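Below: entry.cif (mmCIF, C-alpha atoms)
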data_target
loop_
_atom_site.group_PDB
_atom_site.id
_atom_site.type_symbol
_atom_site.label_atom_id
_atom_site.label_comp_id
_atom_site.auth_asym_id
_atom_site.auth_seq_id
_atom_site.Cartn_x
_atom_site.Cartn_y
_atom_site.Cartn_z
ATOM 1 C CA MET L 12 -32.812 -4.691 -26.078
ATOM 2 C CA ALA L 13 -34.627 -6.551 -23.303
ATOM 3 C CA SER L 14 -31.861 -9.117 -23.062
ATOM 4 C CA ARG L 15 -29.252 -6.384 -22.784
ATOM 5 C CA LYS L 16 -31.209 -4.730 -19.955
ATOM 6 C CA ALA L 17 -31.542 -8.074 -18.182
ATOM 7 C CA GLY L 18 -27.797 -8.598 -18.512
ATOM 8 C CA THR L 19 -27.129 -5.144 -17.086
ATOM 9 C CA ARG L 20 -29.506 -5.743 -14.192
ATOM 10 C CA GLY L 21 -27.804 -9.062 -13.493
ATOM 11 C CA LYS L 22 -24.385 -7.400 -13.365
ATOM 12 C CA ALA L 23 -25.690 -4.621 -11.126
ATOM 13 C CA ALA L 24 -27.292 -7.125 -8.758
ATOM 14 C CA ALA L 25 -24.099 -9.169 -8.624
ATOM 15 C CA THR L 26 -22.064 -6.029 -7.917
ATOM 16 C CA LYS L 27 -24.434 -4.955 -5.133
ATOM 17 C CA GLN L 28 -24.343 -8.453 -3.655
ATOM 18 C CA ALA L 29 -20.526 -8.478 -3.743
ATOM 19 C CA GLN L 30 -20.453 -5.048 -2.098
ATOM 20 C CA ARG L 31 -22.857 -6.188 0.611
ATOM 21 C CA GLY L 32 -20.823 -9.336 1.221
ATOM 22 C CA SER L 33 -17.563 -7.435 1.499
ATOM 23 C CA SER L 34 -19.052 -4.520 3.402
ATOM 24 C CA ASN L 35 -19.607 -6.768 6.418
ATOM 25 C CA VAL L 36 -15.871 -7.143 6.903
ATOM 26 C CA PHE L 37 -15.450 -3.370 6.774
ATOM 27 C CA SER L 38 -18.058 -2.928 9.509
ATOM 28 C CA MET L 39 -15.948 -5.097 11.844
ATOM 29 C CA PHE L 40 -13.288 -2.387 12.087
ATOM 30 C CA GLU L 41 -13.117 1.332 12.744
ATOM 31 C CA GLN L 42 -12.001 3.563 9.884
ATOM 32 C CA ALA L 43 -8.580 4.154 11.497
ATOM 33 C CA GLN L 44 -8.023 0.391 11.779
ATOM 34 C CA ILE L 45 -8.989 -0.128 8.141
ATOM 35 C CA GLN L 46 -6.467 2.541 7.156
ATOM 36 C CA GLU L 47 -3.751 0.765 9.159
ATOM 37 C CA PHE L 48 -4.604 -2.550 7.463
ATOM 38 C CA LYS L 49 -4.507 -0.753 4.087
ATOM 39 C CA GLU L 50 -0.999 0.525 4.872
ATOM 40 C CA ALA L 51 0.109 -2.966 5.934
ATOM 41 C CA PHE L 52 -1.391 -4.464 2.778
ATOM 42 C CA SER L 53 0.478 -1.885 0.676
ATOM 43 C CA CYS L 54 3.752 -2.780 2.394
ATOM 44 C CA ILE L 55 3.249 -6.479 1.645
ATOM 45 C CA ASP L 56 1.988 -5.987 -1.935
ATOM 46 C CA GLN L 57 5.506 -5.356 -3.227
ATOM 47 C CA ASN L 58 4.634 -5.365 -6.945
ATOM 48 C CA ARG L 59 1.625 -3.042 -6.381
ATOM 49 C CA ASP L 60 -0.835 -5.162 -8.374
ATOM 50 C CA GLY L 61 -3.485 -5.268 -5.634
ATOM 51 C CA ILE L 62 -2.944 -8.985 -4.938
ATOM 52 C CA ILE L 63 -0.566 -10.551 -2.419
ATOM 53 C CA CYS L 64 1.334 -13.384 -4.101
ATOM 54 C CA LYS L 65 4.224 -15.627 -3.113
ATOM 55 C CA SER L 66 6.868 -13.259 -4.470
ATOM 56 C CA ASP L 67 5.315 -10.410 -2.438
ATOM 57 C CA LEU L 68 5.550 -12.491 0.735
ATOM 58 C CA ARG L 69 9.102 -13.595 -0.031
ATOM 59 C CA GLU L 70 10.203 -9.981 -0.632
ATOM 60 C CA THR L 71 8.480 -8.778 2.555
ATOM 61 C CA TYR L 72 10.248 -11.444 4.585
ATOM 62 C CA SER L 73 13.536 -10.511 2.919
ATOM 63 C CA GLN L 74 13.089 -6.869 3.933
ATOM 64 C CA LEU L 75 12.501 -8.039 7.506
ATOM 65 C CA GLY L 76 15.782 -9.969 7.451
ATOM 66 C CA LYS L 77 14.448 -13.491 6.910
ATOM 67 C CA VAL L 78 15.816 -14.604 3.562
ATOM 68 C CA SER L 79 15.166 -18.342 3.548
ATOM 69 C CA VAL L 80 11.453 -18.901 4.109
ATOM 70 C CA PRO L 81 10.331 -22.441 3.222
ATOM 71 C CA GLU L 82 8.048 -22.664 0.176
ATOM 72 C CA GLU L 83 5.546 -24.671 2.229
ATOM 73 C CA GLU L 84 5.222 -21.806 4.733
ATOM 74 C CA LEU L 85 4.531 -19.288 1.957
ATOM 75 C CA ASP L 86 2.045 -21.657 0.317
ATOM 76 C CA ALA L 87 0.252 -22.187 3.635
ATOM 77 C CA MET L 88 -0.120 -18.430 4.091
ATOM 78 C CA LEU L 89 -1.586 -18.030 0.630
ATOM 79 C CA GLN L 90 -3.940 -20.987 1.142
ATOM 80 C CA GLU L 91 -5.585 -19.173 4.061
ATOM 81 C CA GLY L 92 -7.069 -16.757 1.537
ATOM 82 C CA LYS L 93 -8.714 -19.571 -0.455
ATOM 83 C CA GLY L 94 -8.013 -17.645 -3.642
ATOM 84 C CA PRO L 95 -6.265 -14.421 -4.627
ATOM 85 C CA ILE L 96 -5.569 -12.221 -1.591
ATOM 86 C CA ASN L 97 -6.820 -8.754 -2.409
ATOM 87 C CA PHE L 98 -7.415 -6.115 0.274
ATOM 88 C CA THR L 99 -10.916 -7.348 1.134
ATOM 89 C CA VAL L 100 -9.687 -10.918 1.589
ATOM 90 C CA PHE L 101 -6.723 -9.618 3.603
ATOM 91 C CA LEU L 102 -9.086 -7.698 5.884
ATOM 92 C CA THR L 103 -11.383 -10.720 6.200
ATOM 93 C CA LEU L 104 -8.456 -12.919 7.284
ATOM 94 C CA PHE L 105 -7.543 -10.459 10.023
ATOM 95 C CA GLY L 106 -11.172 -10.158 11.069
ATOM 96 C CA GLU L 107 -11.430 -13.922 11.439
ATOM 97 C CA LYS L 108 -8.204 -14.053 13.462
ATOM 98 C CA LEU L 109 -9.179 -11.167 15.737
ATOM 99 C CA ASN L 110 -12.659 -12.505 16.348
ATOM 100 C CA GLY L 111 -11.063 -15.742 17.519
ATOM 101 C CA THR L 112 -10.046 -14.091 20.796
ATOM 102 C CA ASP L 113 -11.635 -15.625 23.875
ATOM 103 C CA PRO L 114 -14.240 -13.502 25.659
ATOM 104 C CA GLU L 115 -12.816 -11.135 28.272
ATOM 105 C CA GLU L 116 -14.502 -13.029 31.130
ATOM 106 C CA ALA L 117 -12.861 -16.316 30.078
ATOM 107 C CA ILE L 118 -9.422 -14.691 30.063
ATOM 108 C CA LEU L 119 -10.070 -13.066 33.451
ATOM 109 C CA SER L 120 -11.116 -16.431 34.889
ATOM 110 C CA ALA L 121 -7.868 -17.978 33.716
ATOM 111 C CA PHE L 122 -5.823 -15.231 35.372
ATOM 112 C CA ARG L 123 -7.836 -15.510 38.606
ATOM 113 C CA MET L 124 -6.381 -19.005 39.045
ATOM 114 C CA PHE L 125 -3.007 -17.303 39.640
ATOM 115 C CA ASP L 126 -4.507 -14.669 41.959
ATOM 116 C CA PRO L 127 -5.644 -16.575 45.068
ATOM 117 C CA ASN L 128 -6.013 -13.345 47.095
ATOM 118 C CA GLY L 129 -8.218 -11.662 44.463
ATOM 119 C CA LYS L 130 -6.038 -8.533 44.228
ATOM 120 C CA GLY L 131 -6.282 -8.235 40.445
ATOM 121 C CA VAL L 132 -2.563 -8.789 39.978
ATOM 122 C CA VAL L 133 -0.294 -11.731 39.228
ATOM 123 C CA ASN L 134 3.331 -11.956 40.326
ATOM 124 C CA LYS L 135 5.435 -11.157 37.268
ATOM 125 C CA ASP L 136 8.289 -13.553 38.104
ATOM 126 C CA GLU L 137 5.976 -16.492 38.806
ATOM 127 C CA PHE L 138 3.999 -15.838 35.650
ATOM 128 C CA LYS L 139 7.208 -15.543 33.613
ATOM 129 C CA GLN L 140 8.317 -18.941 34.918
ATOM 130 C CA LEU L 141 4.982 -20.481 33.910
ATOM 131 C CA LEU L 142 5.182 -19.006 30.413
ATOM 132 C CA LEU L 143 8.690 -20.366 29.935
ATOM 133 C CA THR L 144 8.000 -23.877 31.227
ATOM 134 C CA GLN L 145 4.339 -24.857 30.738
ATOM 135 C CA ALA L 146 2.107 -25.900 27.785
ATOM 136 C CA ASP L 147 2.869 -23.793 24.686
ATOM 137 C CA LYS L 148 6.183 -22.558 26.041
ATOM 138 C CA PHE L 149 7.154 -18.983 25.266
ATOM 139 C CA SER L 150 10.727 -18.090 24.381
ATOM 140 C CA LEU L 151 12.475 -15.528 26.573
ATOM 141 C CA THR L 152 12.159 -13.007 23.732
ATOM 142 C CA GLU L 153 8.394 -13.603 23.498
ATOM 143 C CA VAL L 154 8.014 -13.136 27.258
ATOM 144 C CA GLU L 155 9.987 -9.882 27.137
ATOM 145 C CA GLN L 156 7.861 -8.622 24.222
ATOM 146 C CA MET L 157 4.688 -9.452 26.104
ATOM 147 C CA PHE L 158 5.879 -7.788 29.311
ATOM 148 C CA ALA L 159 6.818 -4.649 27.360
ATOM 149 C CA LEU L 160 3.115 -4.216 26.552
ATOM 150 C CA THR L 161 1.724 -5.519 29.847
ATOM 151 C CA PRO L 162 0.326 -3.109 32.445
ATOM 152 C CA MET L 163 2.111 -3.425 35.806
ATOM 153 C CA ASP L 164 1.203 -2.114 39.242
ATOM 154 C CA MET L 165 3.576 -0.131 41.489
ATOM 155 C CA ALA L 166 5.107 -3.360 42.850
ATOM 156 C CA GLY L 167 5.901 -4.590 39.330
ATOM 157 C CA ASP L 168 3.155 -7.216 39.265
ATOM 158 C CA ILE L 169 0.897 -7.801 36.257
ATOM 159 C CA ASP L 170 -2.412 -5.916 36.326
ATOM 160 C CA TYR L 171 -4.269 -8.720 34.577
ATOM 161 C CA LYS L 172 -7.611 -6.919 34.417
ATOM 162 C CA SER L 173 -6.035 -4.174 32.291
ATOM 163 C CA LEU L 174 -4.148 -6.780 30.273
ATOM 164 C CA CYS L 175 -7.396 -8.645 29.550
ATOM 165 C CA TYR L 176 -8.968 -5.417 28.342
ATOM 166 C CA ILE L 177 -6.035 -4.808 25.985
ATOM 167 C CA ILE L 178 -6.229 -8.381 24.657
ATOM 168 C CA THR L 179 -9.949 -8.132 23.897
ATOM 169 C CA HIS L 180 -10.339 -4.441 22.970
ATOM 170 C CA GLY L 181 -6.904 -3.239 21.925
ATOM 171 C CA ASP L 182 -4.571 -0.778 23.599
ATOM 172 C CA GLU L 183 -6.401 2.480 24.310
ATOM 173 C CA LYS L 184 -3.139 4.382 23.753
ATOM 174 C CA GLU L 185 -3.256 3.379 20.068
ATOM 175 C CA GLU L 186 -6.548 5.205 19.456
#
Now, as a test, write the supplied structure out as structure tokens.
Amino acid sequence: MASRKAGTRGKAAATKQAQRGSSNVFSMFEQAQIQEFKEAFSCIDQNRDGIICKSDLRETYSQLGKVSVPEEELDAMLQEGKGPINFTVFLTLFGEKLNGTDPEEAILSAFRMFDPNGKGVVNKDEFKQLLLTQADKFSLTEVEQMFALTPMDMAGDIDYKSLCYIITHGDEKEE
């Protein structure tokens, strides 16, 4: 009897420890964000077994119009989870990616380099040219996608202070 109780206590302690360990990832997000991640996870988990596997990823890509995804790319995605990708692991991966954003002040400092007059704006055309030609070059499509979400002033220049806020805190319109 004593050994059975000890075994039960051990299982309960392990369960509580697992809950505590996974609960930290849930505290990183608001409830609405967790619900959005849950919906995304459900869309990817094509076979509805609670685990994202290679066939789930392949099917998701297929539904998005990309039918020939290299095996190595799928394997690399799955390796990021370091084991089966259930919802908690999925959420943890996103938490790690989102927490990798530079601090708002660092992003503002970078933009200030392109704002010699300190007006809080950057010329859209000049910035577009830089994105297309420097360092990790953007494609024209990527630049257009970014500008679609970028706050502009009345003259059509980039309001980089608002953009920095969106990058680090999310778009307030989404909430």
Evaluated on this file, the PyMOL selection byres ((chain L and resi 96-109) around 8) picks out some residues - which ones are they, written as a compact mmCIF listing (two decimals) with C-alpha atoms, in the frame of the given file?
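So the final result, stored in result-v1.txt, reads:
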# COMPACT_ATOMS: atom_id res chain seq x y z
CA SER L 33 -17.56 -7.44 1.50
CA VAL L 36 -15.87 -7.14 6.90
CA PHE L 37 -15.45 -3.37 6.77
CA MET L 39 -15.95 -5.10 11.84
CA ILE L 45 -8.99 -0.13 8.14
CA PHE L 48 -4.60 -2.55 7.46
CA LYS L 49 -4.51 -0.75 4.09
CA PHE L 52 -1.39 -4.46 2.78
CA GLY L 61 -3.48 -5.27 -5.63
CA ILE L 62 -2.94 -8.98 -4.94
CA ILE L 63 -0.57 -10.55 -2.42
CA CYS L 64 1.33 -13.38 -4.10
CA LEU L 89 -1.59 -18.03 0.63
CA GLU L 91 -5.58 -19.17 4.06
CA GLY L 92 -7.07 -16.76 1.54
CA GLY L 94 -8.01 -17.64 -3.64
CA PRO L 95 -6.26 -14.42 -4.63
CA ASN L 110 -12.66 -12.50 16.35
CA GLY L 111 -11.06 -15.74 17.52
CA THR L 112 -10.05 -14.09 20.80
Local residues around (4.0, -5.5, 48.5), at most 12 Å away, using only C-alpha atoms, as a VMD selection string: chain L and resid 130 132 to 134 164 to 168
For the residues in the current selection, export C-alpha atoms as a PDB file, keeping the file's coordinate frame.
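The new file result.pdb reads:
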ATOM      1  CA  LYS L 130      -6.038  -8.533  44.228  1.00  0.00           C
ATOM      2  CA  VAL L 132      -2.563  -8.789  39.978  1.00  0.00           C
ATOM      3  CA  VAL L 133      -0.294 -11.731  39.228  1.00  0.00           C
ATOM      4  CA  ASN L 134       3.331 -11.956  40.326  1.00  0.00           C
ATOM      5  CA  ASP L 164       1.203  -2.114  39.242  1.00  0.00           C
ATOM      6  CA  MET L 165       3.576  -0.131  41.489  1.00  0.00           C
ATOM      7  CA  ALA L 166       5.107  -3.360  42.850  1.00  0.00           C
ATOM      8  CA  GLY L 167       5.901  -4.590  39.330  1.00  0.00           C
ATOM      9  CA  ASP L 168       3.155  -7.216  39.265  1.00  0.00           C
TER      10      ASP L 168
END
Straight-line distance linking CA of Thr179 (chain L) with CA of Pro114 (chain L), stated in Å to one decimal: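 Interatomic distance, CA of Thr179 (chain L) to CA of Pro114 (chain L): 7.1 Å.
Shortest separation to Lys135 (chain L) among L:Glu50, L:Glu155, L:Glu116, L:Glu84 occurs at residue L:Glu155, atoms counted being only C-alpha atoms.
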Å distance separating CA of Met157 (chain L) from CA of Ser79 (chain L), one decimal place: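 So the two atoms, CA of Met157 (chain L) and CA of Ser79 (chain L), lie 26.4 Å apart.
The coordinates place CA of Arg59 (chain L) at 21.2 Å from CA of Lys77 (chain L).
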Residues returned when the PyMOL selection byres ((chain L and resi 174) around 12) runs on this file, as a compact mmCIF listing (two decimals) with C-alpha atoms, in the coordinates of the input:
# COMPACT_ATOMS: atom_id res chain seq x y z
CA GLU L 115 -12.82 -11.14 28.27
CA ILE L 118 -9.42 -14.69 30.06
CA LEU L 119 -10.07 -13.07 33.45
CA PHE L 122 -5.82 -15.23 35.37
CA GLY L 131 -6.28 -8.24 40.44
CA VAL L 132 -2.56 -8.79 39.98
CA VAL L 133 -0.29 -11.73 39.23
CA MET L 157 4.69 -9.45 26.10
CA PHE L 158 5.88 -7.79 29.31
CA ALA L 159 6.82 -4.65 27.36
CA LEU L 160 3.12 -4.22 26.55
CA THR L 161 1.72 -5.52 29.85
CA PRO L 162 0.33 -3.11 32.44
CA MET L 163 2.11 -3.42 35.81
CA ASP L 164 1.20 -2.11 39.24
CA ASP L 168 3.16 -7.22 39.26
CA ILE L 169 0.90 -7.80 36.26
CA ASP L 170 -2.41 -5.92 36.33
CA TYR L 171 -4.27 -8.72 34.58
CA LYS L 172 -7.61 -6.92 34.42
CA SER L 173 -6.04 -4.17 32.29
CA CYS L 175 -7.40 -8.64 29.55
CA TYR L 176 -8.97 -5.42 28.34
CA ILE L 177 -6.04 -4.81 25.98
CA ILE L 178 -6.23 -8.38 24.66
CA THR L 179 -9.95 -8.13 23.90
CA HIS L 180 -10.34 -4.44 22.97
CA GLY L 181 -6.90 -3.24 21.92
CA ASP L 182 -4.57 -0.78 23.60
CA GLU L 183 -6.40 2.48 24.31
All residues 10 Å or closer to Thr71 (chain L), all atoms listed in the file, same chain fewer than 6 positions away omitted, as JSON, numbers by chain: {"L": [54, 55, 56, 57, 65, 77, 78]}
Write out as JSON an axis-aligned box for region 166-176 of chain L: all of its atoms listed in the file, 8 Å added on each side, centre and edge lengths in Å with one decimal.
{"center_x": -1.5, "center_y": -6.0, "center_z": 35.6, "size_x": 30.9, "size_y": 21.4, "size_z": 30.5}
